[in-house]
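Shown next, in structure tokens, is the structure this report addresses.
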Amino acid sequence: MKYLLFACLLLISPLYSQSAQDELVNVKEFIHDIVLDLKYNTEDNFLSQKCYTTDECYLSRALLERVILIQDSLRNITIHDGISYPQGLALKIWDGYRPRAVQYLMWELVGPPWVANPASGSRHNRGEAADVTLVDRASGEELEMPTYFDEFTPAAAHGYMNLPANVIANRELLKNMMVQVGGLNLYDAEWWHYTLPIGYPLLDFQMK
């Protein structure tokens, strides 16, 4: 699988060879059929407060390349856990790049352990993290997962097993696609959160 990932990255990288891998790019410009549901551009989040000024999602170019691989692979999954998905599956992104100003707001309202200290910054503040789930490409319906997004409970952890078998299968499929196909790192406490294994500097790009 690692060799497949390397080969695919070699095919994709010429498309982006003119730009730095830590440059922020607009996801929709490269993956037109990606499903976006940016929770922090609504009040439907753990802060119950709208924090973003746009519904555009940005990721570092390096992370975007991995997401393209994952999205392409999901299109080819037409049967999962005994259920038919004639048009395949797809990713839905709940959060990508997060301005550091928003990180400060989250820190003030909630603080640790749920929010990373803005002094050192979150992976989201570097464009190297994405919060995602899976959807049926045909209907746009989310596959059932252990918890709602940003539900900070034990059930959100990857190791939590007191769940229906189909929910565990969906969580495992997402993990396998993000880790095995995309080469990303998971966060044990949040089934939706995946990051690049790199470490870019903090960014101050303000979304408008």
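By convention here, the chains of the structure tokens are called A, B, ... in the order presented, each chain's residues are numbered starting at 1, and ligands are numbered starting at 1 in the order presented.
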Quiz item: Counting only C-alpha atoms, what is within 12 Å of Cys57 of chain A, bar same-chain residues fewer than 2 positions away, as a count of residues only?
Solution: 40
Practice problem: DSSP on the backbone, then: every residue of segment 51-182 of chain A marked alpha helix (DSSP H), written as a VMD selection string. | Solution: chain A and resid 61 to 75 100 to 109 165 to 176
Sorted by chain and rising residue number, which residues of segment 28-80 of chain A lie within 10 Å of segment 141-162 of chain A, and what are their closest atom pairs and distances in Å to one decimal, counting only C-alpha atoms, as a Markdown table?
| residue | atom | partner | partner_atom | distance |
| --- | --- | --- | --- | --- |
| A:Lys39 | CA | A:Phe149 | CA | 8.7 |
| A:Asp44 | CA | A:Phe149 | CA | 9.7 |
| A:Asn45 | CA | A:Asp150 | CA | 7.2 |
| A:Phe46 | CA | A:Asp150 | CA | 6.5 |
| A:Leu47 | CA | A:Asp150 | CA | 9.8 |
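By only C-alpha atoms, and with residues fewer than 4 positions from Tyr194 of chain A along its chain excluded, the set lying at most 9 Å from it is Glu128, Ala129, Ala130, Asp131, Val132, Lys175, Met178, Val179, Leu184, Asn185, Leu186, Tyr187 and Glu190 of chain A.
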